[in-house]
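Worksheet: the structure to be examined is printed underneath.
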Amino acid sequence: MNAFEYRAPRALDEALTILREFGEEARAVAGGTALVTMMRQRLVRPSCLVSLRDIEDLGRIEPTDGVIRLGALVTHREAELSPLLRERLPVLAQTFRRVATVRIRHMATIGGALAHADPNQDPPVTLLALGARVVIRHAGGQRALALEDFFRDYYETALEPGELVTAVEVPLLPAATGGSFVKYLPRSADDYATVAVAATVTLGSDGERCRAGRIALGSVGATPLRPRAAEALLTGERLDERRLRAVGEAARGEVDPLTDHRGSAAYKREMTAVMVVRALTEAWEAARRAERAAR
Ligand SMILES: Cc1cc2nc3c(=O)[nH]c(=O)nc-3n(C[C@H](O)[C@H](O)[C@H](O)COP(=O)(O)OP(=O)(O)OC[C@H]3O[C@@H](n4cnc5c(N)ncnc54)[C@H](O)[C@@H]3O)c2cc1C
């Protein structure tokens, strides 16, 4: 690893000032689970590391105006165990639980996961299906982006040098809506996904048809993605076996996976169709439960 200066500011403004001072030479570090590996492999050689760990304001999970706001420093383990998330957005808490091992989940943070932009990660998939927004700060102010506009390419985001992710805002699910996250990993339980799918289904007023549905896919493209043509086949329809199969087939045509040690591109495409059906079936059942509970 190269020699570097280490700063541990206690306030966000101070961190932003340091990042501006060092420009592209500086890197923020949160959990360090990705960055330290990249530094060991000499893929990145920052001359200054700015630790975010002592910035208290970034570690909260709180409800505000129909959304749940998760600070960038919330760890995967904290999100998995949060009573608020478990009650209001159980699919998100369940997704964090599927990440790697407890050891990794204790360290890895939400801000780090988003900024790292590895398309094989799990939380971004569910956050995308839930319509989350990323809150970004720089020395001159703040901006917010839909998660769809945040991811640009493999390991590439819309973040400019000197910018930090400070939070992610996740809308609560509408009435009669259920969510699901399924992760297909044939090798070991703590591996990255071969294919990951998150889905939401909102029941229509008859309780039989799907009023709206969202699908997000991970590990099958340069970024987590939403297969729009597949989603369009959900609206106003009964999700019987035939329709679900058609949605899965449509999703298969919208992915562009790489062949790697987790499977060939062809295999990942096949598994996309299978896992989309599974995710939608689970989301449908969760929507039914939500509807019954609200009666
Ligand atoms: C062995 C192993 C297995 C894993 N398996 C999975 C898995 O199955 N599924 C999964 O989802 N994840 C998995 N992960 C975790 C994932 O790949 C990342 O390592 C993790 O999400 C990064 O979070 P971090 O807080 O440690 O980020 P760091 O390593 O601290 O930082 C990562 C990048 O983000 C930047 N950064 C950090 N915080 C911010 C911020 N607030 N604003 C702007 N930039 C920031 C850093 O500069 C760096 O470029 C695994 C990790 C390991 C080591």
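Within each chain, counting starts at residue 1; across the structure tokens, chains are named A, B, ... in the order shown, with ligands numbered 1 upward in that order.
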
Region 163-179 of chain A: which residues within 8 Å, counting only C-alpha atoms, same-chain residues fewer than 5 positions away excluded, as an NGL selection string?
:A and (16 or 19 or 28 or 58 or 66-73 or 88-89 or 91 or 111 or 115 or 127 or 130-139 or 198-203 or 282-291 or 294)

Contacts of Val277 (chain A) at 9 Å (only C-alpha atoms; same-chain gap of 4+ positions) as a PDB file with all heavy atoms, in the first residue's frame:
ATOM      1  N   GLU A 241     -49.638 -17.667 -13.755  1.00  0.00           N
ATOM      2  CA  GLU A 241     -48.377 -18.303 -14.157  1.00  0.00           C
ATOM      3  C   GLU A 241     -47.919 -17.845 -15.549  1.00  0.00           C
ATOM      4  O   GLU A 241     -46.738 -17.565 -15.766  1.00  0.00           O
ATOM      5  CB  GLU A 241     -48.599 -19.821 -14.155  1.00  0.00           C
ATOM      6  CG  GLU A 241     -47.351 -20.590 -13.837  1.00  0.00           C
ATOM      7  CD  GLU A 241     -47.615 -22.075 -13.881  1.00  0.00           C
ATOM      8  OE1 GLU A 241     -48.645 -22.513 -13.325  1.00  0.00           O
ATOM      9  OE2 GLU A 241     -46.805 -22.791 -14.495  1.00  0.00           O
ATOM     10  N   LEU A 244     -46.652 -14.210 -15.432  1.00  0.00           N
ATOM     11  CA  LEU A 244     -45.354 -14.135 -14.743  1.00  0.00           C
ATOM     12  C   LEU A 244     -44.232 -14.644 -15.640  1.00  0.00           C
ATOM     13  O   LEU A 244     -43.145 -14.063 -15.689  1.00  0.00           O
ATOM     14  CB  LEU A 244     -45.390 -14.946 -13.439  1.00  0.00           C
ATOM     15  CG  LEU A 244     -46.167 -14.310 -12.287  1.00  0.00           C
ATOM     16  CD1 LEU A 244     -46.250 -15.270 -11.108  1.00  0.00           C
ATOM     17  CD2 LEU A 244     -45.516 -13.010 -11.836  1.00  0.00           C
ATOM     18  N   ARG A 245     -44.522 -15.713 -16.358  1.00  0.00           N
ATOM     19  CA  ARG A 245     -43.488 -16.259 -17.249  1.00  0.00           C
ATOM     20  C   ARG A 245     -43.143 -15.241 -18.345  1.00  0.00           C
ATOM     21  O   ARG A 245     -41.988 -15.054 -18.693  1.00  0.00           O
ATOM     22  CB  ARG A 245     -43.938 -17.598 -17.842  1.00  0.00           C
ATOM     23  CG  ARG A 245     -42.728 -18.439 -18.187  1.00  0.00           C
ATOM     24  CD  ARG A 245     -43.038 -19.854 -18.579  1.00  0.00           C
ATOM     25  NE  ARG A 245     -43.807 -20.585 -17.597  1.00  0.00           N
ATOM     26  CZ  ARG A 245     -44.863 -21.345 -17.894  1.00  0.00           C
ATOM     27  NH1 ARG A 245     -45.285 -21.458 -19.117  1.00  0.00           N
ATOM     28  NH2 ARG A 245     -45.493 -22.003 -16.946  1.00  0.00           N
ATOM     29  N   VAL A 247     -43.358 -12.017 -18.103  1.00  0.00           N
ATOM     30  CA  VAL A 247     -42.572 -10.927 -17.487  1.00  0.00           C
ATOM     31  C   VAL A 247     -41.113 -11.369 -17.332  1.00  0.00           C
ATOM     32  O   VAL A 247     -40.178 -10.621 -17.650  1.00  0.00           O
ATOM     33  CB  VAL A 247     -43.183 -10.522 -16.119  1.00  0.00           C
ATOM     34  CG1 VAL A 247     -42.334  -9.449 -15.443  1.00  0.00           C
ATOM     35  CG2 VAL A 247     -44.617 -10.033 -16.282  1.00  0.00           C
ATOM     36  N   GLY A 248     -40.925 -12.595 -16.865  1.00  0.00           N
ATOM     37  CA  GLY A 248     -39.567 -13.130 -16.701  1.00  0.00           C
ATOM     38  C   GLY A 248     -38.819 -13.165 -18.030  1.00  0.00           C
ATOM     39  O   GLY A 248     -37.645 -12.783 -18.111  1.00  0.00           O
ATOM     40  N   THR A 272     -32.139 -15.015 -14.676  1.00  0.00           N
ATOM     41  CA  THR A 272     -32.892 -13.764 -14.497  1.00  0.00           C
ATOM     42  C   THR A 272     -34.381 -14.051 -14.662  1.00  0.00           C
ATOM     43  O   THR A 272     -35.208 -13.640 -13.833  1.00  0.00           O
ATOM     44  CB  THR A 272     -32.446 -12.706 -15.535  1.00  0.00           C
ATOM     45  OG1 THR A 272     -31.062 -12.438 -15.337  1.00  0.00           O
ATOM     46  CG2 THR A 272     -33.246 -11.417 -15.395  1.00  0.00           C
ATOM     47  N   ALA A 273     -34.734 -14.790 -15.736  1.00  0.00           N
ATOM     48  CA  ALA A 273     -36.151 -15.092 -15.983  1.00  0.00           C
ATOM     49  C   ALA A 273     -36.748 -15.869 -14.804  1.00  0.00           C
ATOM     50  O   ALA A 273     -37.843 -15.568 -14.327  1.00  0.00           O
ATOM     51  CB  ALA A 273     -36.283 -15.880 -17.284  1.00  0.00           C
ATOM     52  N   THR A 281     -43.652 -13.412  -7.341  1.00  0.00           N
ATOM     53  CA  THR A 281     -44.573 -14.268  -6.572  1.00  0.00           C
ATOM     54  C   THR A 281     -44.503 -13.900  -5.092  1.00  0.00           C
ATOM     55  O   THR A 281     -45.529 -13.747  -4.419  1.00  0.00           O
ATOM     56  CB  THR A 281     -44.209 -15.762  -6.780  1.00  0.00           C
ATOM     57  OG1 THR A 281     -44.202 -16.023  -8.179  1.00  0.00           O
ATOM     58  CG2 THR A 281     -45.192 -16.676  -6.090  1.00  0.00           C
ATOM     59  N   GLU A 282     -43.287 -13.709  -4.590  1.00  0.00           N
ATOM     60  CA  GLU A 282     -43.134 -13.338  -3.172  1.00  0.00           C
ATOM     61  C   GLU A 282     -43.690 -11.945  -2.898  1.00  0.00           C
ATOM     62  O   GLU A 282     -44.311 -11.702  -1.868  1.00  0.00           O
ATOM     63  CB  GLU A 282     -41.657 -13.404  -2.758  1.00  0.00           C
ATOM     64  CG  GLU A 282     -41.161 -14.833  -2.630  1.00  0.00           C
ATOM     65  CD  GLU A 282     -39.731 -14.926  -2.110  1.00  0.00           C
ATOM     66  OE1 GLU A 282     -39.224 -13.926  -1.536  1.00  0.00           O
ATOM     67  OE2 GLU A 282     -39.123 -15.985  -2.286  1.00  0.00           O
TER      68      GLU A 282
END

Excluding Thr75 (chain A) and residues on its chain fewer than 4 positions from it, collect all residues at most 9 Å away from it, counting only C-alpha atoms, and give them as a ChimeraX atom specification.
/A:31,59,79-80,105-111

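Residues in contact with Tyr154 (chain A) at 8 Å, where only C-alpha atoms are counted and same-chain residues fewer than 4 positions away are skipped, are listed as Ala117, Asp118, Pro119, Ala222 and Thr223 of chain A.
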
N, CA, C and O atoms of the current selection, written as a PDB file, in the first residue's frame:
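Output file out29.pdb follows:
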ATOM      1  N   ALA A 117     -20.331   1.294  -6.015  1.00  0.00           N
ATOM      2  CA  ALA A 117     -21.025   1.014  -7.294  1.00  0.00           C
ATOM      3  C   ALA A 117     -20.614  -0.294  -7.961  1.00  0.00           C
ATOM      4  O   ALA A 117     -20.503  -0.369  -9.186  1.00  0.00           O
ATOM      5  N   ASP A 118     -20.374  -1.300  -7.149  1.00  0.00           N
ATOM      6  CA  ASP A 118     -20.171  -2.646  -7.694  1.00  0.00           C
ATOM      7  C   ASP A 118     -21.559  -3.195  -8.035  1.00  0.00           C
ATOM      8  O   ASP A 118     -22.412  -3.292  -7.157  1.00  0.00           O
ATOM      9  N   PRO A 119     -21.807  -3.565  -9.295  1.00  0.00           N
ATOM     10  CA  PRO A 119     -23.169  -4.001  -9.661  1.00  0.00           C
ATOM     11  C   PRO A 119     -23.575  -5.332  -9.046  1.00  0.00           C
ATOM     12  O   PRO A 119     -24.721  -5.751  -9.192  1.00  0.00           O
ATOM     13  N   ALA A 222     -23.964  -3.456 -16.086  1.00  0.00           N
ATOM     14  CA  ALA A 222     -22.921  -2.574 -15.558  1.00  0.00           C
ATOM     15  C   ALA A 222     -23.367  -1.869 -14.276  1.00  0.00           C
ATOM     16  O   ALA A 222     -22.544  -1.428 -13.471  1.00  0.00           O
ATOM     17  N   THR A 223     -24.666  -1.739 -14.095  1.00  0.00           N
ATOM     18  CA  THR A 223     -25.236  -1.111 -12.895  1.00  0.00           C
ATOM     19  C   THR A 223     -26.473  -1.928 -12.502  1.00  0.00           C
ATOM     20  O   THR A 223     -26.973  -2.698 -13.326  1.00  0.00           O
TER      21      THR A 223
END

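When atom 51 (C, counted along the ligand's line) of ligand 1 is paired with CA of Val99 (chain A), their separation reads 8.1 Å.
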
Leaving out Ile104 (chain A) and any residue of its chain fewer than 6 positions from it, which residues lie within 9 Å of it when counting only C-alpha atoms, given as a compact mmCIF listing (two decimals) with N, CA, C and O atoms, in the first residue's frame?
# COMPACT_ATOMS: atom_id res chain seq x y z
N GLY A 31 -16.50 2.15 5.84
CA GLY A 31 -16.21 0.84 6.44
C GLY A 31 -14.84 0.31 6.04
O GLY A 31 -14.24 -0.50 6.74
N THR A 33 -14.19 -1.73 3.70
CA THR A 33 -14.20 -3.12 3.21
C THR A 33 -13.85 -3.22 1.73
O THR A 33 -13.31 -4.22 1.28
N HIS A 76 -24.46 -1.99 7.39
CA HIS A 76 -25.41 -2.99 6.90
C HIS A 76 -26.05 -3.73 8.08
O HIS A 76 -27.23 -4.06 8.05
N ARG A 77 -25.27 -3.97 9.11
CA ARG A 77 -25.80 -4.69 10.28
C ARG A 77 -26.85 -3.82 11.00
O ARG A 77 -27.88 -4.33 11.44

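Atom pair CA of Val220 (chain A) / CA of Val255 (chain A) has a distance of 5.7 Å (rounded to one decimal).
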
Pick out each residue of region 72-200 of chain A that DSSP on the backbone tags as helix (DSSP H, G or I); I need them as a CSV table (one decimal) with C-alpha atoms, in the first residue's frame.
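out-v2.csv written:
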chain,number,residue,atom,x,y,z
A,76,HIS,CA,-25.4,-3.0,6.9
A,77,ARG,CA,-25.8,-4.7,10.3
A,78,GLU,CA,-27.5,-1.7,11.8
A,79,ALA,CA,-29.9,-1.5,8.8
A,80,GLU,CA,-30.6,-5.3,9.1
A,81,LEU,CA,-31.5,-5.0,12.8
A,83,PRO,CA,-36.7,-2.0,14.4
A,84,LEU,CA,-38.0,0.9,12.2
A,85,LEU,CA,-36.9,-0.7,8.9
A,86,ARG,CA,-38.1,-4.2,10.0
A,87,GLU,CA,-41.5,-2.8,10.7
A,88,ARG,CA,-41.9,-0.2,7.9
A,90,PRO,CA,-39.0,-5.2,5.9
A,91,VAL,CA,-37.8,-6.0,2.4
A,92,LEU,CA,-34.9,-3.6,2.9
A,93,ALA,CA,-33.9,-5.0,6.3
A,94,GLN,CA,-34.1,-8.5,4.8
A,95,THR,CA,-31.8,-7.4,1.9
A,96,PHE,CA,-29.1,-6.1,4.2
A,97,ARG,CA,-29.3,-9.5,6.0
A,102,VAL,CA,-21.9,-10.6,9.9
A,103,ARG,CA,-18.3,-9.4,10.1
A,104,ILE,CA,-18.6,-7.6,6.8
A,105,ARG,CA,-22.0,-6.2,7.6
A,106,HIS,CA,-20.7,-4.7,10.8
A,107,MET,CA,-18.2,-2.7,8.8
A,110,ILE,CA,-24.7,2.3,3.0
A,111,GLY,CA,-22.8,5.3,1.7
A,112,GLY,CA,-19.8,3.1,0.9
A,113,ALA,CA,-22.0,0.6,-0.9
A,114,LEU,CA,-23.5,3.2,-3.1
A,115,ALA,CA,-20.3,5.1,-3.9
A,116,HIS,CA,-18.4,1.8,-4.6
A,123,PRO,CA,-28.7,-3.2,-1.1
A,124,PRO,CA,-28.6,-1.0,-4.3
A,125,VAL,CA,-31.0,-3.5,-6.0
A,126,THR,CA,-33.7,-3.2,-3.4
A,127,LEU,CA,-33.1,0.6,-3.0
A,128,LEU,CA,-33.7,0.9,-6.8
A,129,ALA,CA,-36.9,-1.1,-6.7
A,147,LEU,CA,-30.7,6.2,-7.6
A,148,GLU,CA,-31.3,5.4,-11.3
A,149,ASP,CA,-29.4,8.5,-12.2
A,150,PHE,CA,-26.7,7.9,-9.7

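When only C-alpha atoms are used to compute distances to Val182 (chain A), the closest of the residues A:Arg226, A:Ala251, A:Met275, A:Ala266 turns out to be A:Met275.
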
Excluding Gly204 (chain A) and residues on its chain fewer than 5 positions from it, collect all residues at most 9 Å away from it, counting only C-alpha atoms, and give them as an MDAnalysis selection string.
chainID A and resid 176 209:212 236

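The spacing separating CA of Val195 (chain A) from CA of Ala265 (chain A) amounts to 10.7 Å.
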
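With only C-alpha atoms and all ligand atoms as the atoms that count, the residue of A:Pro9, A:Gly213, A:Gly141, A:Gly218 with the shortest distance to ligand 1 is A:Gly218.
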
Would you return as a VMD selection string the members of region 53-184 of chain A that DSSP assigns to strand (DSSP E or B) on this structure's backbone?
chain A and resid 61 to 64 67 to 71 75 109 133 to 138 141 to 146 151 to 153 156 to 157 164 to 171 177 to 184

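Nearest to ligand 1 of all the residues A:Asp122, A:Glu24, A:Asp65, A:Asp256 is A:Asp122, based on only C-alpha atoms and all ligand atoms.
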
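With distances restricted to only C-alpha atoms and all ligand atoms, A:Thr101 is the closest residue to ligand 1 from A:Ser205, A:Thr101, A:Ser47, A:Thr259.
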